[in-house]
file run_15.csv (CSV, C-alpha atoms)
chain,number,residue,atom,x,y,z
E,1,MET,CA,0.0,0.0,0.0
E,2,THR,CA,1.7,3.2,-1.1
E,3,GLN,CA,1.4,6.6,0.5
E,4,ALA,CA,-0.4,9.2,-1.6
E,5,THR,CA,1.9,12.2,-2.5
E,6,THR,CA,-0.8,14.9,-2.2
E,7,ARG,CA,-3.9,14.5,-0.1
E,8,PRO,CA,-6.1,17.1,1.5
E,9,GLY,CA,-5.2,18.7,4.8
E,10,PRO,CA,-7.2,18.5,8.0
E,11,ASP,CA,-9.5,21.5,7.2
E,12,THR,CA,-10.3,20.1,3.8
E,13,VAL,CA,-11.0,16.6,5.3
E,14,LYS,CA,-13.4,18.2,7.9
E,15,ASP,CA,-15.2,20.0,5.1
E,16,ARG,CA,-15.4,16.8,3.0
E,17,ARG,CA,-16.8,14.6,5.7
E,18,ARG,CA,-19.3,17.3,6.5
E,19,GLY,CA,-20.7,16.9,3.0
E,20,GLU,CA,-18.9,19.3,0.7
E,21,LEU,CA,-18.2,16.5,-1.8
E,22,ARG,CA,-21.0,14.2,-0.9
E,23,SER,CA,-24.6,14.2,-2.0
E,24,PRO,CA,-27.4,14.2,0.6
E,25,LEU,CA,-28.3,10.8,-0.7
E,26,SER,CA,-25.6,8.1,-0.7
E,27,PHE,CA,-25.6,4.8,-2.5
E,28,GLY,CA,-25.6,1.9,0.0
E,29,GLY,CA,-23.7,-1.0,-1.6
E,30,ALA,CA,-25.0,-4.1,0.4
E,31,PRO,CA,-27.8,-5.0,-2.1
E,32,VAL,CA,-25.3,-5.1,-5.1
E,33,GLY,CA,-23.4,-7.6,-3.0
E,34,ASN,CA,-26.4,-10.0,-3.5
E,35,LEU,CA,-28.0,-9.2,-0.2
E,36,TYR,CA,-31.1,-11.5,0.1
E,37,GLU,CA,-31.2,-12.0,-3.7
E,38,SER,CA,-28.9,-12.3,-6.6
E,39,VAL,CA,-28.1,-9.4,-8.9
E,40,ASP,CA,-26.2,-10.0,-12.1
E,41,ASP,CA,-23.0,-8.1,-12.8
E,42,ASP,CA,-24.4,-6.0,-15.6
E,43,ALA,CA,-27.5,-4.9,-13.6
E,44,ALA,CA,-25.4,-4.0,-10.5
E,45,VAL,CA,-22.9,-2.0,-12.5
E,46,ALA,CA,-25.8,-0.3,-14.4
E,47,ALA,CA,-27.4,0.7,-11.0
E,48,ILE,CA,-24.1,2.2,-9.7
E,49,ALA,CA,-23.5,4.1,-12.9
E,50,HIS,CA,-27.1,5.4,-13.0
E,51,ALA,CA,-26.8,6.6,-9.4
E,52,TRP,CA,-23.8,8.8,-10.4
E,53,GLN,CA,-25.8,10.0,-13.4
E,54,ARG,CA,-28.7,11.0,-11.1
E,55,GLY,CA,-26.3,13.1,-9.0
E,56,ILE,CA,-25.5,10.6,-6.2
E,57,ARG,CA,-21.9,11.3,-5.3
E,58,HIS,CA,-21.1,9.2,-2.3
E,59,PHE,CA,-20.9,5.4,-2.4
E,60,ASP,CA,-20.6,3.1,0.6
E,61,THR,CA,-19.6,-0.5,0.7
E,62,ALA,CA,-17.7,-3.1,2.8
E,63,PRO,CA,-15.8,-6.3,2.2
E,64,TYR,CA,-18.6,-8.1,4.1
E,65,TYR,CA,-21.1,-7.1,1.5
E,66,GLY,CA,-21.1,-10.2,-0.8
E,67,TYR,CA,-17.6,-11.1,0.6
E,68,GLY,CA,-16.0,-8.6,-1.8
E,69,LEU,CA,-18.6,-8.7,-4.5
E,70,SER,CA,-20.1,-5.3,-3.7
E,71,GLU,CA,-16.6,-3.7,-3.7
E,72,SER,CA,-15.7,-5.4,-7.0
E,73,ARG,CA,-18.9,-4.2,-8.7
E,74,LEU,CA,-18.4,-0.6,-7.4
E,75,GLY,CA,-14.8,-0.7,-8.6
E,76,ALA,CA,-16.0,-1.8,-12.1
E,77,ALA,CA,-18.6,1.0,-12.3
E,78,LEU,CA,-16.8,3.8,-10.6
E,79,GLY,CA,-13.4,3.0,-12.1
E,80,ARG,CA,-14.7,4.5,-15.4
E,81,LEU,CA,-15.4,7.9,-13.7
E,82,PRO,CA,-13.1,10.6,-12.6
E,83,ARG,CA,-12.0,9.8,-9.1
E,84,ASP,CA,-12.6,13.3,-7.9
E,85,SER,CA,-16.2,13.2,-9.0
E,86,PHE,CA,-17.4,11.0,-6.1
E,87,THR,CA,-16.5,10.0,-2.6
E,88,LEU,CA,-16.2,6.5,-1.3
E,89,SER,CA,-16.4,4.7,2.0
E,90,THR,CA,-15.6,1.1,2.9
E,91,LYS,CA,-15.1,-0.8,6.1
E,92,VAL,CA,-12.5,-2.9,7.9
E,93,GLY,CA,-12.9,-5.5,10.7
E,94,ARG,CA,-13.5,-8.6,8.6
E,95,ILE,CA,-11.3,-10.7,6.4
E,96,ILE,CA,-12.7,-12.6,3.4
E,97,ASP,CA,-11.8,-16.3,3.1
E,98,ILE,CA,-12.1,-18.6,0.1
E,99,ASP,CA,-13.7,-22.0,0.6
E,100,HIS,CA,-15.4,-23.6,-2.5
E,101,ARG,CA,-17.3,-25.9,-0.2
E,102,HIS,CA,-19.0,-23.0,1.5
E,103,THR,CA,-22.5,-22.6,0.2
E,104,SER,CA,-24.3,-21.4,3.3
E,105,HIS,CA,-26.1,-18.0,3.0
E,106,THR,CA,-26.7,-17.5,6.7
E,107,ASP,CA,-25.3,-14.0,6.5
E,108,GLY,CA,-27.9,-13.0,3.9
E,109,PHE,CA,-25.5,-12.7,1.0
E,110,ILE,CA,-26.2,-15.1,-1.9
E,111,VAL,CA,-22.6,-15.8,-2.7
E,112,ASP,CA,-21.0,-19.3,-2.8
E,113,GLY,CA,-17.4,-20.2,-2.1
E,114,ARG,CA,-16.5,-17.3,0.2
E,115,TYR,CA,-17.2,-16.3,3.8
E,116,ALA,CA,-15.9,-13.7,6.3
E,117,HIS,CA,-14.3,-13.8,9.7
E,118,PHE,CA,-13.7,-11.0,12.2
E,119,ASP,CA,-10.2,-9.6,12.5
E,120,TYR,CA,-9.7,-6.3,14.4
E,121,SER,CA,-5.9,-6.7,14.7
E,122,ARG,CA,-3.6,-4.0,13.2
E,123,ASP,CA,-2.5,-6.5,10.6
E,124,GLY,CA,-6.1,-7.5,9.8
E,125,ILE,CA,-7.0,-3.8,9.3
E,126,LEU,CA,-4.1,-3.3,6.9
E,127,ARG,CA,-4.7,-6.5,5.0
E,128,SER,CA,-8.4,-5.8,4.7
E,129,LEU,CA,-8.0,-2.3,3.3
E,130,GLU,CA,-5.3,-3.4,0.9
E,131,ALA,CA,-7.6,-6.0,-0.6
E,132,SER,CA,-10.5,-3.5,-0.7
E,133,LEU,CA,-8.4,-0.9,-2.6
E,134,SER,CA,-7.6,-3.5,-5.2
E,135,ARG,CA,-11.3,-4.5,-5.6
E,136,LEU,CA,-12.3,-0.8,-5.7
E,137,ARG,CA,-9.6,0.0,-8.2
E,138,THR,CA,-8.5,3.1,-6.3
E,139,ASP,CA,-5.5,4.1,-4.2
E,140,HIS,CA,-7.6,5.7,-1.4
E,141,VAL,CA,-11.0,5.9,0.2
E,142,ASP,CA,-12.5,9.0,1.5
E,143,VAL,CA,-14.0,7.4,4.6
E,144,LEU,CA,-12.8,4.2,6.4
E,145,LEU,CA,-15.1,2.7,9.0
E,146,LEU,CA,-14.5,0.0,11.6
E,147,HIS,CA,-17.4,-2.4,11.0
E,148,ASP,CA,-19.8,-4.0,13.5
E,149,ILE,CA,-18.2,-3.6,16.9
E,150,GLY,CA,-20.6,-3.7,19.8
E,151,VAL,CA,-22.6,-6.0,22.0
E,152,LEU,CA,-25.3,-6.5,19.3
E,153,THR,CA,-22.7,-8.3,17.2
E,154,HIS,CA,-20.3,-9.8,19.6
E,155,GLY,CA,-22.3,-10.4,22.8
E,156,ALA,CA,-20.1,-11.7,25.6
E,157,SER,CA,-16.9,-11.0,23.6
E,158,HIS,CA,-17.7,-7.3,23.4
E,159,THR,CA,-15.3,-6.2,26.1
E,160,SER,CA,-12.3,-7.9,24.4
E,161,VAL,CA,-13.4,-6.8,20.9
E,162,LEU,CA,-13.7,-3.2,22.1
E,163,ARG,CA,-10.3,-3.3,23.8
E,164,GLN,CA,-8.7,-4.5,20.5
E,165,ALA,CA,-10.6,-1.9,18.5
E,166,LEU,CA,-9.3,0.9,20.7
E,167,ASP,CA,-5.7,-0.5,21.1
E,168,GLU,CA,-5.1,-1.8,17.5
E,169,ALA,CA,-7.8,-1.2,14.9
E,170,LEU,CA,-8.6,2.5,15.4
E,171,PRO,CA,-4.9,3.5,15.8
E,172,ALA,CA,-4.0,1.6,12.6
E,173,MET,CA,-6.8,3.5,10.9
E,174,ALA,CA,-5.5,6.8,12.2
E,175,GLU,CA,-2.1,5.9,10.7
E,176,LEU,CA,-3.7,5.3,7.4
E,177,ARG,CA,-5.4,8.7,7.6
E,178,ALA,CA,-2.1,10.4,8.4
E,179,GLN,CA,-0.6,8.7,5.3
E,180,GLY,CA,-3.4,9.9,3.1
E,181,VAL,CA,-4.8,6.4,2.3
E,182,CYS,CA,-8.1,7.6,3.8
E,183,ASP,CA,-9.4,11.1,4.6
E,184,ALA,CA,-11.6,10.3,7.6
E,185,ILE,CA,-12.1,7.4,10.0
E,186,GLY,CA,-15.0,6.2,12.1
E,187,ILE,CA,-17.2,3.3,13.0
E,188,GLY,CA,-20.1,1.6,11.2
E,189,VAL,CA,-22.6,0.1,13.6
E,190,ASN,CA,-26.3,-0.6,14.3
E,191,GLU,CA,-26.4,0.4,17.9
E,192,GLU,CA,-26.0,3.5,20.0
E,193,ALA,CA,-24.2,2.1,23.1
E,194,VAL,CA,-20.9,1.3,21.4
E,195,CYS,CA,-20.8,4.8,19.8
E,196,LEU,CA,-21.1,6.3,23.3
E,197,GLU,CA,-18.3,4.0,24.5
E,198,VAL,CA,-15.9,4.9,21.8
E,199,MET,CA,-16.4,8.6,21.3
E,200,PRO,CA,-14.9,9.7,24.6
E,201,ARG,CA,-12.0,7.3,24.2
E,202,PHE,CA,-10.9,7.8,20.6
E,203,PRO,CA,-11.4,10.8,18.3
E,204,LEU,CA,-13.7,9.9,15.4
E,205,ASP,CA,-14.4,11.9,12.3
E,206,THR,CA,-17.6,10.1,11.4
E,207,ILE,CA,-20.1,7.4,12.4
E,208,MET,CA,-22.3,5.4,10.2
E,209,LEU,CA,-25.4,4.5,12.3
E,210,ALA,CA,-27.8,2.1,10.6
E,211,GLY,CA,-31.5,2.0,11.5
E,212,ARG,CA,-31.3,4.0,14.7
E,213,TYR,CA,-31.9,7.6,13.6
E,214,THR,CA,-34.8,7.2,11.2
E,215,LEU,CA,-38.3,8.5,10.7
E,216,PHE,CA,-39.5,5.4,12.5
E,217,GLU,CA,-37.0,5.3,15.3
E,218,GLN,CA,-35.2,8.1,17.2
E,219,GLN,CA,-35.5,6.9,20.7
E,220,HIS,CA,-32.4,4.7,20.5
E,221,SER,CA,-30.1,7.4,19.2
E,222,GLU,CA,-30.7,10.6,21.2
E,223,GLY,CA,-27.4,10.3,23.1
E,224,VAL,CA,-25.2,9.6,20.1
E,225,MET,CA,-26.8,12.3,18.0
E,226,ALA,CA,-26.2,14.9,20.8
E,227,GLN,CA,-22.6,13.7,21.3
E,228,ALA,CA,-21.9,13.7,17.6
E,229,GLN,CA,-23.1,17.3,17.2
E,230,ALA,CA,-21.1,18.4,20.3
E,231,ARG,CA,-17.9,16.7,19.1
E,232,GLY,CA,-18.2,17.6,15.4
E,233,VAL,CA,-18.6,13.9,14.4
E,234,ALA,CA,-20.5,13.6,11.1
E,235,ILE,CA,-23.3,11.0,11.1
E,236,LEU,CA,-24.0,8.9,8.0
E,237,ALA,CA,-27.6,7.9,8.6
E,238,ALA,CA,-28.0,4.4,7.1
E,239,GLY,CA,-31.0,2.1,6.9
E,240,PRO,CA,-33.5,5.0,6.5
E,241,TYR,CA,-36.4,2.5,5.7
E,242,ASN,CA,-35.6,0.3,8.7
E,243,SER,CA,-35.0,-2.8,6.6
E,244,GLY,CA,-37.8,-1.9,4.2
E,245,LEU,CA,-40.5,-1.3,6.9
E,246,LEU,CA,-41.2,2.3,5.6
E,247,GLY,CA,-39.9,1.6,2.0
E,248,GLY,CA,-43.2,0.4,0.5
E,249,THR,CA,-45.4,2.6,-1.6
E,250,ASN,CA,-48.8,1.4,-0.4
E,251,GLY,CA,-48.0,0.1,3.1
E,252,PRO,CA,-45.3,-1.1,5.4
E,253,GLY,CA,-42.9,-3.9,4.5
E,254,ASN,CA,-42.6,-7.1,6.4
E,255,PHE,CA,-39.2,-6.6,7.8
E,256,TYR,CA,-37.7,-4.5,10.6
E,257,ASN,CA,-34.1,-4.5,11.8
E,258,TYR,CA,-33.1,-7.4,9.5
E,259,ALA,CA,-35.9,-9.7,10.7
E,260,LEU,CA,-39.7,-10.2,10.3
E,261,ALA,CA,-41.5,-7.4,12.0
E,262,ASP,CA,-43.8,-8.2,14.9
E,263,ASP,CA,-47.5,-7.2,15.1
E,264,ALA,CA,-46.8,-4.1,17.3
E,265,THR,CA,-44.1,-2.8,14.9
E,266,LEU,CA,-46.4,-3.3,11.9
E,267,GLU,CA,-49.2,-1.6,13.6
E,268,ARG,CA,-47.0,1.4,14.4
E,269,ALA,CA,-45.7,1.5,10.8
E,270,ARG,CA,-49.3,1.5,9.5
E,271,ARG,CA,-50.0,4.7,11.4
E,272,TYR,CA,-47.3,6.5,9.3
E,273,TYR,CA,-49.0,5.4,6.1
E,274,GLU,CA,-52.4,6.4,7.4
E,275,ILE,CA,-51.3,9.9,8.5
E,276,LEU,CA,-49.2,10.6,5.4
E,277,ALA,CA,-52.0,9.5,3.1
E,278,ARG,CA,-54.0,12.3,4.6
E,279,THR,CA,-51.3,14.8,3.9
E,280,ARG,CA,-50.7,13.3,0.4
E,281,THR,CA,-47.1,12.5,1.2
E,282,GLU,CA,-45.2,9.3,0.2
E,283,VAL,CA,-43.8,7.7,3.3
E,284,GLY,CA,-40.6,6.7,1.6
E,285,ALA,CA,-40.0,10.4,0.7
E,286,ALA,CA,-40.4,11.5,4.3
E,287,ALA,CA,-38.2,8.6,5.5
E,288,LEU,CA,-35.3,9.7,3.2
E,289,GLN,CA,-35.6,13.4,4.0
E,290,PHE,CA,-36.2,13.3,7.7
E,291,PRO,CA,-32.6,12.4,8.9
E,292,LEU,CA,-31.0,15.3,7.0
E,293,ALA,CA,-32.8,17.9,9.2
E,294,HIS,CA,-30.4,16.9,12.0
E,295,PRO,CA,-27.3,19.1,12.0
E,296,ALA,CA,-25.0,16.2,12.7
E,297,VAL,CA,-26.2,14.2,9.6
E,298,ALA,CA,-24.0,14.5,6.6
E,299,SER,CA,-25.8,12.1,4.3
E,300,VAL,CA,-28.5,9.4,4.2
E,301,VAL,CA,-27.2,6.1,3.0
E,302,CYS,CA,-29.9,4.0,1.2
E,303,GLY,CA,-29.3,0.5,0.0
E,304,LEU,CA,-29.9,0.3,-3.8
E,305,ARG,CA,-29.8,-2.6,-6.2
E,306,SER,CA,-31.3,-1.5,-9.5
E,307,VAL,CA,-31.8,1.4,-11.8
E,308,ALA,CA,-35.5,1.5,-10.8
E,309,GLU,CA,-34.5,1.7,-7.1
E,310,VAL,CA,-32.1,4.5,-7.8
E,311,ASP,CA,-34.8,6.4,-9.7
E,312,SER,CA,-37.2,5.9,-6.9
E,313,ALA,CA,-34.8,7.1,-4.2
E,314,SER,CA,-33.8,10.1,-6.2
E,315,ALA,CA,-37.4,11.1,-6.8
E,316,ARG,CA,-38.2,10.6,-3.1
E,317,MET,CA,-35.3,12.8,-2.1
E,318,GLN,CA,-36.5,15.6,-4.3
E,319,ALA,CA,-40.3,15.2,-3.5
E,320,ASN,CA,-42.1,18.0,-1.7
E,321,VAL,CA,-42.9,17.0,1.9
E,322,PRO,CA,-45.2,19.7,3.3
E,323,ALA,CA,-44.8,21.2,6.8
E,324,GLU,CA,-48.2,19.7,7.6
E,325,THR,CA,-46.7,16.2,7.3
E,326,TRP,CA,-44.1,16.8,9.9
E,327,ARG,CA,-46.6,18.5,12.2
E,328,ALA,CA,-49.1,15.6,11.9
E,329,LEU,CA,-46.4,13.0,12.7
E,330,ARG,CA,-45.2,15.0,15.7
E,331,GLU,CA,-48.7,15.5,17.1
E,332,ALA,CA,-49.3,11.7,16.7
E,333,GLY,CA,-46.2,11.0,18.8
E,334,LEU,CA,-44.4,9.4,15.8
E,335,ILE,CA,-41.5,11.9,15.9
E,336,LEU,CA,-39.8,12.6,19.2
E,337,SER,CA,-40.3,16.2,20.4
E,338,GLY,CA,-36.6,17.0,20.3
E,339,SER,CA,-36.0,15.7,16.8
E,340,PRO,CA,-35.6,18.4,14.1
E,341,THR,CA,-37.7,18.2,10.9
E,342,PRO,CA,-37.0,19.6,7.5
call {"tool": "encode", "arguments": {"input": "run_15.csv", "output": "structure tokens"}}
result
Amino acid sequence: MTQATTRPGPDTVKDRRRGELRSPLSFGGAPVGNLYESVDDDAAVAAIAHAWQRGIRHFDTAPYYGYGLSESRLGAALGRLPRDSFTLSTKVGRIIDIDHRHTSHTDGFIVDGRYAHFDYSRDGILRSLEASLSRLRTDHVDVLLLHDIGVLTHGASHTSVLRQALDEALPAMAELRAQGVCDAIGIGVNEEAVCLEVMPRFPLDTIMLAGRYTLFEQQHSEGVMAQAQARGVAILAAGPYNSGLLGGTNGPGNFYNYALADDATLERARRYYEILARTRTEVGAAALQFPLAHPAVASVVCGLRSVAEVDSASARMQANVPAETWRALREAGLILSGSPTP
């Protein structure tokens, strides 16, 4: 891994992670890694290229997404474009292994012959990023995130994983930032607690928080959002539909937080559709636009797998959501009183 000769200084990095070179809507790369269903190469590359044509300028991926497949497809599509015309984030914390006997899809990715194992060591971080840069066909990423630390993922091993993250992984990432191999570093997680554990103990530039600061759910992110704003940490708000729950056109989806939604969750989701039908607002549009009203949020990261999904998300981001909609949701108790609205 070679050191870049000219990279932005700290002030420029701060501006970039705050959104100067990103679009409000970012392309989430898990679906083009065959998440839950297969996508062929041509369709995946076409979706990525179309996103850029529609003005999306930040693309997020990870080695875990299809065990390298998402990164390879992003590299194939974005490698044809000027590197300074988009920003890119990927993640470290897992190593991809090859085993042609491996045909289990328990992680949700429809990919055979490969799997991933956790590795938060310094060597693991360096090896992971080196492989990612090769797949992405670039010599640097704009944002590098430590992937899936926290109790939610590691359970009883959380304490030892957190210690290694603080002692080895994050310092290695800071070295890569100093070398210009990435511009900003942070964590990519699905839970608030680990964010609050890490922020006082290691300076982060950004946090990708999936599913916790959304139109449907703000109660499990109040602390991290306040701390991020106070510390100048940029939030990438991922999972704006909460696993598709608020992504449907005519009613809620069946999944929430990567699992089948229970009856109480579905009933609450139906209330959004009922209220927004009265204000003539598409729920998906409100879901995409809501997080951006928070001053800590730099971009909303929406998983996309097709040209049609790109067009839908782009249209939703540009749709008019009247003030009446936000007022009605707040009066119904579906938006917390302290959460800003557009």
call {"tool": "residues_around", "arguments": {"input": "run_15.csv", "residues": "E:Ile207", "least_positions_apart": "4", "cutoff": "6 Å", "atoms": "only C-alpha atoms", "output": "VMD selection string"}}
result
chain E and resid 186 to 188 235
call {"tool": "atom_distance", "arguments": {"input": "run_15.csv", "atom1": "atom CA of E:Ala44", "atom2": "atom CA of E:Leu74"}}
result
8.4 Å
call {"tool": "closest_residue", "arguments": {"input": "run_15.csv", "among": "E:Pro82, E:Leu176, E:Ala261, E:Arg135", "to": "E:Arg122", "atoms": "all atoms listed in the file"}}
result
E:Leu176
call {"tool": "closest_residue", "arguments": {"input": "run_15.csv", "among": "E:Arg177, E:Arg316, E:Arg83, E:Arg114", "to": "E:His58", "atoms": "only C-alpha atoms"}}
result
E:Arg83
call {"tool": "closest_atom_pairs", "arguments": {"input": "run_15.csv", "of": "stretch 57-151 of chain E", "to": "stretch 32-42 of chain E", "cutoff": "8 Å", "atoms": "all atoms listed in the file", "output": "JSON lines"}}
result
{"residue": "E:Tyr65", "atom": "CA", "partner": "E:Gly33", "partner_atom": "CA", "distance": 5.1}
{"residue": "E:Gly66", "atom": "CA", "partner": "E:Gly33", "partner_atom": "CA", "distance": 4.1}
{"residue": "E:Tyr67", "atom": "CA", "partner": "E:Gly33", "partner_atom": "CA", "distance": 7.7}
{"residue": "E:Gly68", "atom": "CA", "partner": "E:Gly33", "partner_atom": "CA", "distance": 7.6}
{"residue": "E:Leu69", "atom": "CA", "partner": "E:Gly33", "partner_atom": "CA", "distance": 5.1}
{"residue": "E:Ser70", "atom": "CA", "partner": "E:Gly33", "partner_atom": "CA", "distance": 4.1}
{"residue": "E:Glu71", "atom": "CA", "partner": "E:Gly33", "partner_atom": "CA", "distance": 7.9}
{"residue": "E:Arg73", "atom": "CA", "partner": "E:Asp41", "partner_atom": "CA", "distance": 7.0}
{"residue": "E:Gly108", "atom": "CA", "partner": "E:Tyr36", "partner_atom": "CA", "distance": 5.2}
{"residue": "E:Phe109", "atom": "CA", "partner": "E:Leu35", "partner_atom": "CA", "distance": 4.5}
{"residue": "E:Ile110", "atom": "CA", "partner": "E:Asn34", "partner_atom": "CA", "distance": 5.3}
{"residue": "E:Val111", "atom": "CA", "partner": "E:Asn34", "partner_atom": "CA", "distance": 7.0}
call {"tool": "closest_atom_pairs", "arguments": {"input": "run_15.csv", "of": "stretch 248-335 of chain E", "to": "stretch 221-231 of chain E", "cutoff": "9 Å", "atoms": "all atoms listed in the file", "output": "JSON lines"}}
result
{"residue": "E:His294", "atom": "CA", "partner": "E:Met225", "partner_atom": "CA", "distance": 8.4}
{"residue": "E:Pro295", "atom": "CA", "partner": "E:Gln229", "partner_atom": "CA", "distance": 6.9}
{"residue": "E:Ala296", "atom": "CA", "partner": "E:Gln229", "partner_atom": "CA", "distance": 5.0}
{"residue": "E:Val297", "atom": "CA", "partner": "E:Met225", "partner_atom": "CA", "distance": 8.6}
call {"tool": "residues_around", "arguments": {"input": "run_15.csv", "residues": "stretch 85-101 of chain E", "least_positions_apart": "3", "cutoff": "9 Å", "atoms": "all atoms listed in the file", "output": "ChimeraX atom specification"}}
result
/E:16,21-23,52,56-64,67-68,71,78,81-82,112-121,124-129,132,140-149,165,169,182,187-188
call {"tool": "residues_around", "arguments": {"input": "run_15.csv", "residues": "stretch 264-272 of chain E", "least_positions_apart": "3", "cutoff": "8 Å", "atoms": "all atoms listed in the file", "output": "VMD selection string"}}
result
chain E and resid 216 245 to 246 251 to 252 254 256 261 275 to 276 283 329 334
call {"tool": "write_last_selection", "arguments": {"input": "run_15.csv", "atoms": "C-alpha atoms", "output": "PDB file, in the frame of the given file"}}
result
ATOM      1  CA  PHE E 216     -39.500   5.400  12.500  1.00  0.00           C
ATOM      2  CA  LEU E 245     -40.500  -1.300   6.900  1.00  0.00           C
ATOM      3  CA  LEU E 246     -41.200   2.300   5.600  1.00  0.00           C
ATOM      4  CA  GLY E 251     -48.000   0.100   3.100  1.00  0.00           C
ATOM      5  CA  PRO E 252     -45.300  -1.100   5.400  1.00  0.00           C
ATOM      6  CA  ASN E 254     -42.600  -7.100   6.400  1.00  0.00           C
ATOM      7  CA  TYR E 256     -37.700  -4.500  10.600  1.00  0.00           C
ATOM      8  CA  ALA E 261     -41.500  -7.400  12.000  1.00  0.00           C
ATOM      9  CA  ILE E 275     -51.300   9.900   8.500  1.00  0.00           C
ATOM     10  CA  LEU E 276     -49.200  10.600   5.400  1.00  0.00           C
ATOM     11  CA  VAL E 283     -43.800   7.700   3.300  1.00  0.00           C
ATOM     12  CA  LEU E 329     -46.400  13.000  12.700  1.00  0.00           C
ATOM     13  CA  LEU E 334     -44.400   9.400  15.800  1.00  0.00           C
TER      14      LEU E 334
END
call {"tool": "closest_residue", "arguments": {"input": "run_15.csv", "among": "E:Ala293, E:Ala313, E:Ala298, E:Leu136", "to": "E:Asp205", "atoms": "all atoms listed in the file"}}
result
E:Ala298
call {"tool": "atom_distance", "arguments": {"input": "run_15.csv", "atom1": "atom CA of E:Ala30", "atom2": "atom CA of E:Glu197"}}
result
26.3 Å
call {"tool": "closest_residue", "arguments": {"input": "run_15.csv", "among": "E:Gln179, E:Ser104, E:Ser337, E:Ser312", "to": "E:Leu25", "atoms": "only C-alpha atoms"}}
result
E:Ser312
call {"tool": "closest_residue", "arguments": {"input": "run_15.csv", "among": "E:Ala287, E:Leu215, E:Val194, E:Val301", "to": "E:Gly248", "atoms": "all atoms listed in the file"}}
result
E:Ala287
call {"tool": "closest_residue", "arguments": {"input": "run_15.csv", "among": "E:Pro240, E:Gly303, E:Gly211, E:Pro322", "to": "E:Gly284", "atoms": "all atoms listed in the file"}}
result
E:Pro240
call {"tool": "residues_near_point", "arguments": {"input": "run_15.csv", "point": "(-13.8, 5.4, 22.1)", "cutoff": "10 Å", "atoms": "all atoms listed in the file", "output": "list in words"}}
result
Leu162, Arg163, Ala165, Leu166, Leu170, Ile187, Val194, Cys195, Leu196, Glu197, Val198, Met199, Pro200, Arg201, Phe202, Pro203 and Leu204 of chain E
call {"tool": "atom_distance", "arguments": {"input": "run_15.csv", "atom1": "atom CA of E:Ala184", "atom2": "atom CA of E:Pro291"}}
result
21.1 Å
